[in-house]
$ cat final-v7.txt   # compact mmCIF, C-alpha atoms
# COMPACT_ATOMS: atom_id res chain seq x y z
CA MET A 17 0.00 0.00 0.00
CA ASN A 18 1.52 3.33 -1.06
CA ILE A 19 1.41 6.59 0.88
CA LEU A 20 -1.65 7.89 -0.96
CA GLN A 21 -3.60 4.70 -0.26
CA LYS A 22 -2.55 4.76 3.39
CA THR A 23 -3.62 8.40 3.71
CA LYS A 24 -6.97 7.67 2.08
CA SER A 25 -7.57 4.69 4.38
CA TYR A 26 -6.67 6.77 7.44
CA LEU A 27 -8.98 9.63 6.47
CA GLN A 28 -11.85 7.31 5.63
CA GLU A 29 -11.51 5.45 8.89
CA ARG A 30 -11.75 8.80 10.70
CA ILE A 31 -15.03 9.43 8.86
CA ASN A 32 -16.21 5.95 9.81
CA LEU A 33 -15.34 6.44 13.49
CA GLN A 34 -17.19 9.75 13.62
CA ASN A 35 -20.23 8.12 12.05
CA ARG A 36 -20.15 5.18 14.47
CA LYS A 37 -20.32 7.62 17.38
CA ARG A 38 -23.55 9.08 15.96
CA LEU A 39 -25.13 5.71 15.26
CA ARG A 40 -28.04 4.74 17.52
CA HIS A 41 -29.25 1.66 15.62
CA ASP A 42 -27.04 -1.41 15.92
CA SER A 43 -29.03 -3.87 13.78
CA PRO A 44 -30.51 -2.08 10.76
CA ILE A 45 -31.95 -3.98 7.82
CA LEU A 46 -30.70 -2.47 4.57
CA VAL A 47 -32.04 -3.69 1.24
CA SER A 48 -29.70 -2.34 -1.42
CA SER A 49 -29.64 -2.71 -5.18
CA ASN A 50 -25.88 -3.28 -5.17
CA CYS A 51 -22.89 -3.43 -2.81
CA THR A 52 -23.65 -0.03 -1.22
CA GLY A 53 -25.52 -1.58 1.70
CA GLY A 54 -22.63 -3.96 2.39
CA PHE A 55 -20.19 -1.05 2.48
CA LEU A 56 -22.37 0.83 4.96
CA TYR A 57 -22.55 -2.21 7.25
CA HIS A 58 -18.76 -2.56 7.03
CA TRP A 59 -17.94 1.13 7.57
CA LEU A 60 -20.22 1.30 10.61
CA GLY A 61 -18.97 -1.95 12.12
CA LEU A 62 -22.37 -3.65 11.94
CA ARG A 63 -23.45 -7.24 11.48
CA PHE A 64 -25.02 -8.05 8.11
CA MET A 65 -28.75 -8.07 8.87
CA SER A 66 -29.81 -8.39 5.25
CA PRO A 67 -29.15 -10.92 2.47
CA PHE A 68 -28.28 -8.06 0.08
CA ILE A 69 -24.52 -8.43 0.48
CA ASN A 70 -21.96 -8.88 -2.33
CA LEU A 71 -24.60 -8.91 -5.06
CA TYR A 72 -26.67 -6.67 -7.28
CA LEU A 73 -30.01 -6.45 -9.05
CA THR A 74 -30.59 -4.51 -12.24
CA PRO A 75 -32.53 -1.29 -11.64
CA ALA A 76 -35.69 -2.74 -13.24
CA ASP A 77 -35.49 -5.95 -11.19
CA PHE A 78 -34.74 -4.07 -7.97
CA VAL A 79 -37.83 -1.88 -8.29
CA LEU A 80 -39.96 -4.89 -9.28
CA MET A 81 -38.65 -6.79 -6.25
CA CYS A 82 -39.52 -3.87 -3.95
CA GLU A 83 -43.03 -3.73 -5.41
CA ASN A 84 -43.51 -7.46 -4.72
CA PHE A 85 -41.41 -7.73 -1.58
CA ASN A 86 -43.18 -10.46 0.39
CA ASP A 87 -44.00 -12.59 -2.64
CA PHE A 88 -40.37 -12.36 -3.74
CA PHE A 89 -39.02 -13.54 -0.39
CA ASN A 90 -41.61 -16.27 -0.04
CA SER A 91 -40.44 -17.78 -3.33
CA PRO A 92 -37.07 -19.58 -3.25
CA LEU A 93 -34.33 -18.58 -5.66
CA GLN A 94 -33.52 -21.07 -8.38
CA LYS A 95 -30.18 -21.42 -10.10
CA ASP A 96 -29.96 -19.70 -13.47
CA GLU A 97 -28.38 -22.26 -15.78
CA SER A 98 -27.27 -19.75 -18.41
CA GLU A 99 -23.56 -19.16 -18.87
CA SER A 100 -22.12 -16.49 -16.59
CA ASP A 101 -18.87 -15.64 -14.83
CA TYR A 102 -20.70 -15.82 -11.49
CA PRO A 103 -23.82 -17.51 -10.06
CA ILE A 104 -27.25 -15.97 -10.64
CA GLY A 105 -30.45 -16.74 -8.75
CA VAL A 106 -33.87 -16.41 -10.37
CA GLY A 107 -36.89 -15.70 -8.19
CA TYR A 108 -40.48 -14.47 -8.28
CA LEU A 109 -41.53 -12.90 -11.62
CA GLY A 110 -38.15 -13.85 -13.07
CA ILE A 111 -36.28 -11.35 -10.90
CA LYS A 112 -32.55 -12.11 -11.05
CA VAL A 113 -30.05 -11.77 -8.20
CA HIS A 114 -26.49 -11.46 -9.48
CA PHE A 115 -24.11 -13.01 -6.92
CA MET A 116 -20.99 -11.59 -8.56
CA HIS A 117 -18.72 -12.03 -5.52
CA TYR A 118 -19.52 -15.72 -4.94
CA ALA A 119 -17.78 -18.73 -6.48
CA THR A 120 -20.78 -21.07 -6.60
CA PHE A 121 -24.56 -20.86 -6.42
CA GLU A 122 -24.50 -23.14 -3.36
CA GLU A 123 -22.18 -20.74 -1.51
CA ALA A 124 -24.31 -17.76 -2.53
CA ILE A 125 -27.65 -19.30 -1.53
CA THR A 126 -26.27 -20.45 1.83
CA SER A 127 -25.27 -16.87 2.70
CA TRP A 128 -28.54 -15.51 1.29
CA GLU A 129 -30.74 -17.82 3.39
CA LYS A 130 -28.66 -17.36 6.57
CA ARG A 131 -28.99 -13.57 6.41
CA LEU A 132 -32.60 -13.69 5.28
CA LYS A 133 -33.47 -15.31 8.63
CA ARG A 134 -32.13 -12.21 10.43
CA MET A 135 -34.78 -9.95 8.88
CA GLU A 136 -37.79 -9.26 11.10
CA ARG A 137 -40.77 -11.29 9.96
CA GLU A 138 -43.98 -12.86 11.15
CA SER A 139 -44.94 -16.43 10.28
CA LEU A 140 -48.09 -16.84 8.19
CA GLY A 141 -47.89 -20.64 8.28
CA ASN A 142 -47.00 -23.09 5.52
CA GLY A 143 -43.47 -21.72 5.40
CA ARG A 144 -44.60 -18.21 4.41
CA TYR A 145 -43.69 -14.98 6.18
CA GLN A 146 -44.78 -11.36 6.35
CA TYR A 147 -41.67 -9.16 6.43
CA LYS A 148 -41.72 -5.97 8.50
CA THR A 149 -40.93 -3.53 5.69
CA GLU A 150 -41.57 -0.54 7.96
CA LYS A 151 -38.24 -1.31 9.67
CA ILE A 152 -36.23 -1.71 6.46
CA GLY A 153 -34.18 0.93 4.66
CA PHE A 154 -34.33 0.58 0.87
CA ILE A 155 -31.30 1.89 -1.02
CA PHE A 156 -31.43 2.23 -4.80
CA SER A 157 -27.91 3.11 -5.84
CA ASN A 158 -27.38 1.84 -9.37
CA TRP A 159 -30.11 3.81 -11.12
CA ASP A 160 -29.65 3.68 -14.88
CA GLY A 161 -31.32 6.98 -15.81
CA ASN A 162 -34.83 5.56 -16.34
CA GLU A 163 -37.16 8.07 -14.67
CA GLU A 164 -40.15 5.75 -14.92
CA LEU A 165 -38.32 3.50 -12.44
CA LEU A 166 -37.74 6.50 -10.16
CA GLU A 167 -41.44 7.29 -10.20
CA ARG A 168 -42.37 3.71 -9.29
CA PHE A 169 -39.72 3.56 -6.57
CA ASP A 170 -40.79 6.92 -5.15
CA LYS A 171 -44.37 5.67 -4.72
CA LEU A 172 -43.35 2.74 -2.50
CA PRO A 173 -44.55 3.12 1.12
CA PHE A 174 -41.09 2.45 2.55
CA LYS A 175 -38.20 4.39 4.06
CA LYS A 176 -36.06 4.72 0.99
CA VAL A 177 -33.42 6.65 -0.92
CA VAL A 178 -32.28 6.65 -4.52
CA PHE A 179 -28.97 8.24 -5.50
CA THR A 180 -28.84 10.19 -8.74
CA ASP A 181 -26.25 12.01 -10.79
CA LYS A 182 -28.61 14.89 -11.59
CA HIS A 183 -31.41 16.84 -9.94
CA VAL A 184 -34.75 15.05 -10.27
CA ASP A 185 -38.09 15.93 -8.71
CA TYR A 186 -38.73 12.92 -6.47
CA SER A 187 -38.83 13.03 -2.67
CA SER A 188 -36.69 9.90 -2.30
CA ALA A 189 -33.97 11.13 -4.68
CA VAL A 190 -30.62 12.42 -3.43
CA TYR A 191 -28.38 14.15 -5.93
CA LEU A 192 -24.68 13.43 -5.35
CA ARG A 193 -22.50 16.25 -6.68
CA GLY A 194 -19.67 15.10 -8.90
CA TYR A 195 -20.93 11.53 -9.13
CA GLU A 196 -21.22 10.07 -12.62
CA ARG A 197 -23.18 6.82 -12.67
CA LYS A 198 -21.54 5.69 -15.91
CA LYS A 199 -18.06 5.83 -14.38
CA GLY A 200 -18.31 4.49 -10.86
CA ASN A 201 -20.22 3.65 -7.71
CA VAL A 202 -21.62 5.93 -5.03
CA TYR A 203 -19.22 4.42 -2.48
CA ALA A 204 -16.15 5.37 -4.56
CA THR A 205 -13.73 7.97 -3.19
CA LYS A 206 -14.59 11.53 -4.23
CA ASN A 207 -11.51 13.54 -3.29
CA ILE A 208 -8.10 13.53 -1.59
CA PHE A 209 -9.71 14.09 1.82
CA GLY A 210 -11.17 10.58 1.76
CA LYS A 211 -14.76 11.66 1.21
CA ARG A 212 -16.86 9.23 -0.78
CA TYR A 213 -19.72 10.38 -3.02
CA ILE A 214 -22.27 8.83 -0.66
CA ASP A 215 -20.82 10.85 2.24
CA GLN A 216 -22.87 13.78 0.89
CA PHE A 217 -25.91 11.90 2.22
CA ASP A 218 -26.45 11.47 5.96
CA TYR A 219 -26.80 7.69 5.89
CA VAL A 220 -26.28 7.50 9.66
CA GLU A 221 -29.43 9.54 10.26
CA PHE A 222 -31.22 7.47 7.63
CA ILE A 223 -30.26 4.29 9.51
CA ASN A 224 -31.16 5.81 12.89
CA SER A 225 -34.62 6.64 11.53
CA LEU A 226 -35.31 2.95 10.90
CA THR A 227 -36.04 2.49 14.60
CA GLU A 228 -39.17 4.55 14.06
CA ILE A 229 -42.14 2.65 12.68
CA THR A 230 -43.98 4.49 9.92
CA THR A 231 -47.77 4.47 9.87
$ encode --input "final-v7.txt" --output "structure tokens"
Amino acid sequence: MNILQKTKSYLQERINLQNRKRLRHDSPILVSSNCTGGFLYHWLGLRFMSPFINLYLTPADFVLMCENFNDFFNSPLQKDESESDYPIGVGYLGIKVHFMHYATFEEAITSWEKRLKRMERESLGNGRYQYKTEKIGFIFSNWDGNEELLERFDKLPFKKVVFTDKHVDYSSAVYLRGYERKKGNVYATKNIFGKRYIDQFDYVEFINSLTEITT
């Protein structure tokens, strides 16, 4: 690790430590369209309370999954047999989960099911559950520019945020200055002071708010 990398790591860990001091919620459930949720768990020193770790969904599939949340999770993922460099699970309505950081489907589904059990839910019998979406934070961070998806996402009755690279007129949208969705991820480093694009958003307060049940 060179001096620049060491400096960046030091500065970012200072940001992380400051955020941990502000954190009041030690077991948030974050449902993220890509690795952003996993980074937040890691930066804040939290246990993974969601299966959405080391994977991604396309923007269209993520919004469709959110719209059909309980049906999606009450339908097991099946292995996609098409050729790919990583395992892919196919679920309700053909929604695909891309496990790009896993070697095998078996490894991916084991982690998925283990973390799925940590999400708050109520048994409906016959192996079906009602998930407590009012305690979940939904993070849409790989938006592809399709505003119809933003409109559908914005209408969902959840605590949610979508990160954009331009100003758009939706209450759930957060514009990140300098971020270009075609060139990187919201958790990428923004400048020499260690700030990441997502640090423009108060994700600690967003997570703290998940202790409050919406009505």
$ atom_distance --input "final-v7.txt" --atom1 "CA of Gly53 (chain A)" --atom2 "CA of Ser187 (chain A)"
20.2 Å
$ atom_distance --input "final-v7.txt" --atom1 "CA of Ile125 (chain A)" --atom2 "CA of Tyr203 (chain A)"
25.2 Å
$ closest_atom_pairs --input "final-v7.txt" --of "region 43-142 of chain A" --to "region 159-162 of chain A" --cutoff "9 Å" --atoms "all atoms listed in the file" --output "tab-separated table"
residue	atom	partner	partner_atom	distance
A:Ser49	CA	A:Trp159	CA	8.8
A:Thr74	CA	A:Trp159	CA	8.4
A:Pro75	CA	A:Trp159	CA	5.7
A:Ala76	CA	A:Trp159	CA	8.9
$ atom_distance --input "final-v7.txt" --atom1 "CA of Ser25 (chain A)" --atom2 "CA of Gly210 (chain A)"
7.4 Å
$ residues_near_point --input "final-v7.txt" --point "(-36.7, -17.4, -8.6)" --cutoff "9 Å" --atoms "all atoms listed in the file" --output "number ranges by chain"
A: 88, 91-96, 105-113
$ closest_residue --input "final-v7.txt" --among "A:Tyr26, A:Arg144, A:Tyr102, A:Ala189" --to "Lys171 (chain A)" --atoms "all atoms listed in the file"
A:Ala189
$ closest_residue --input "final-v7.txt" --among "A:Leu226, A:Trp59, A:Leu165, A:Ser139" --to "Arg30 (chain A)" --atoms "all atoms listed in the file"
A:Trp59
$ closest_residue --input "final-v7.txt" --among "A:His41, A:Val220, A:Ile69, A:Ile155" --to "Gly54 (chain A)" --atoms "only C-alpha atoms"
A:Ile69
$ closest_residue --input "final-v7.txt" --among "A:Ser48, A:Ser225, A:Asn86, A:Gln34" --to "Gly61 (chain A)" --atoms "only C-alpha atoms"
A:Gln34
$ closest_residue --input "final-v7.txt" --among "A:Phe209, A:Asp215, A:Tyr145, A:Leu172" --to "Asp87 (chain A)" --atoms "only C-alpha atoms"
A:Tyr145
$ closest_residue --input "final-v7.txt" --among "A:Val184, A:Met116, A:Leu56, A:Leu39" --to "Tyr72 (chain A)" --atoms "only C-alpha atoms"
A:Met116
$ residues_near_point --input "final-v7.txt" --point "(-6.9, 13.5, 0.9)" --cutoff "10 Å" --atoms "only C-alpha atoms" --output "PDB file with C-alpha atoms, in the coordinates of the input"
ATOM      1  CA  LEU A  20      -1.650   7.890  -0.960  1.00  0.00           C
ATOM      2  CA  GLN A  21      -3.600   4.700  -0.260  1.00  0.00           C
ATOM      3  CA  THR A  23      -3.620   8.400   3.710  1.00  0.00           C
ATOM      4  CA  LYS A  24      -6.970   7.670   2.080  1.00  0.00           C
ATOM      5  CA  SER A  25      -7.570   4.690   4.380  1.00  0.00           C
ATOM      6  CA  TYR A  26      -6.670   6.770   7.440  1.00  0.00           C
ATOM      7  CA  LEU A  27      -8.980   9.630   6.470  1.00  0.00           C
ATOM      8  CA  GLN A  28     -11.850   7.310   5.630  1.00  0.00           C
ATOM      9  CA  THR A 205     -13.730   7.970  -3.190  1.00  0.00           C
ATOM     10  CA  LYS A 206     -14.590  11.530  -4.230  1.00  0.00           C
ATOM     11  CA  ASN A 207     -11.510  13.540  -3.290  1.00  0.00           C
ATOM     12  CA  ILE A 208      -8.100  13.530  -1.590  1.00  0.00           C
ATOM     13  CA  PHE A 209      -9.710  14.090   1.820  1.00  0.00           C
ATOM     14  CA  GLY A 210     -11.170  10.580   1.760  1.00  0.00           C
ATOM     15  CA  LYS A 211     -14.760  11.660   1.210  1.00  0.00           C
TER      16      LYS A 211
END
$ axis_aligned_box --input "final-v7.txt" --around "region 191-196 of chain A" --padding-each-side "8 Å" --output "lines of an AutoDock Vina configuration file"
center_x = -24.0
center_y = 13.2
center_z = -9.0
size_x = 24.7
size_y = 22.2
size_z = 23.3
$ build_atoms --input "final-v7.txt" --residues "region 53-68 of chain A" --atoms "N, CA and C atoms" --output "PDB file, in the coordinates of the input"
ATOM      1  N   GLY A  53     -25.094  -1.185   0.359  1.00  0.00           N
ATOM      2  CA  GLY A  53     -25.520  -1.580   1.700  1.00  0.00           C
ATOM      3  C   GLY A  53     -24.427  -2.317   2.447  1.00  0.00           C
ATOM      4  N   GLY A  54     -23.724  -3.223   1.763  1.00  0.00           N
ATOM      5  CA  GLY A  54     -22.630  -3.960   2.390  1.00  0.00           C
ATOM      6  C   GLY A  54     -21.518  -3.039   2.866  1.00  0.00           C
ATOM      7  N   PHE A  55     -21.202  -2.017   2.071  1.00  0.00           N
ATOM      8  CA  PHE A  55     -20.190  -1.050   2.480  1.00  0.00           C
ATOM      9  C   PHE A  55     -20.628  -0.297   3.728  1.00  0.00           C
ATOM     10  N   LEU A  56     -21.892   0.105   3.790  1.00  0.00           N
ATOM     11  CA  LEU A  56     -22.370   0.830   4.960  1.00  0.00           C
ATOM     12  C   LEU A  56     -22.275  -0.036   6.215  1.00  0.00           C
ATOM     13  N   TYR A  57     -22.689  -1.288   6.113  1.00  0.00           N
ATOM     14  CA  TYR A  57     -22.550  -2.210   7.250  1.00  0.00           C
ATOM     15  C   TYR A  57     -21.080  -2.282   7.692  1.00  0.00           C
ATOM     16  N   HIS A  58     -20.187  -2.422   6.715  1.00  0.00           N
ATOM     17  CA  HIS A  58     -18.760  -2.560   7.030  1.00  0.00           C
ATOM     18  C   HIS A  58     -18.198  -1.288   7.648  1.00  0.00           C
ATOM     19  N   TRP A  59     -18.471  -0.137   7.045  1.00  0.00           N
ATOM     20  CA  TRP A  59     -17.940   1.130   7.570  1.00  0.00           C
ATOM     21  C   TRP A  59     -18.420   1.393   8.986  1.00  0.00           C
ATOM     22  N   LEU A  60     -19.643   1.003   9.294  1.00  0.00           N
ATOM     23  CA  LEU A  60     -20.220   1.300  10.610  1.00  0.00           C
ATOM     24  C   LEU A  60     -20.006   0.179  11.615  1.00  0.00           C
ATOM     25  N   GLY A  61     -19.293  -0.862  11.200  1.00  0.00           N
ATOM     26  CA  GLY A  61     -18.970  -1.950  12.120  1.00  0.00           C
ATOM     27  C   GLY A  61     -20.176  -2.770  12.535  1.00  0.00           C
ATOM     28  N   LEU A  62     -21.121  -2.974  11.617  1.00  0.00           N
ATOM     29  CA  LEU A  62     -22.370  -3.650  11.940  1.00  0.00           C
ATOM     30  C   LEU A  62     -22.424  -5.060  11.345  1.00  0.00           C
ATOM     31  N   ARG A  63     -23.188  -5.903  11.988  1.00  0.00           N
ATOM     32  CA  ARG A  63     -23.450  -7.240  11.480  1.00  0.00           C
ATOM     33  C   ARG A  63     -24.377  -7.151  10.265  1.00  0.00           C
ATOM     34  N   PHE A  64     -24.159  -8.022   9.283  1.00  0.00           N
ATOM     35  CA  PHE A  64     -25.020  -8.050   8.110  1.00  0.00           C
ATOM     36  C   PHE A  64     -26.394  -8.577   8.508  1.00  0.00           C
ATOM     37  N   MET A  65     -27.393  -7.700   8.486  1.00  0.00           N
ATOM     38  CA  MET A  65     -28.750  -8.070   8.870  1.00  0.00           C
ATOM     39  C   MET A  65     -29.664  -8.222   7.654  1.00  0.00           C
ATOM     40  N   SER A  66     -29.069  -8.314   6.499  1.00  0.00           N
ATOM     41  CA  SER A  66     -29.810  -8.390   5.250  1.00  0.00           C
ATOM     42  C   SER A  66     -29.087  -9.343   4.312  1.00  0.00           C
ATOM     43  N   PRO A  67     -29.813 -10.043   3.443  1.00  0.00           N
ATOM     44  CA  PRO A  67     -29.150 -10.920   2.470  1.00  0.00           C
ATOM     45  C   PRO A  67     -28.530 -10.159   1.304  1.00  0.00           C
ATOM     46  N   PHE A  68     -28.755  -8.836   1.221  1.00  0.00           N
ATOM     47  CA  PHE A  68     -28.280  -8.060   0.080  1.00  0.00           C
ATOM     48  C   PHE A  68     -26.829  -7.630   0.277  1.00  0.00           C
TER      49      PHE A  68
END
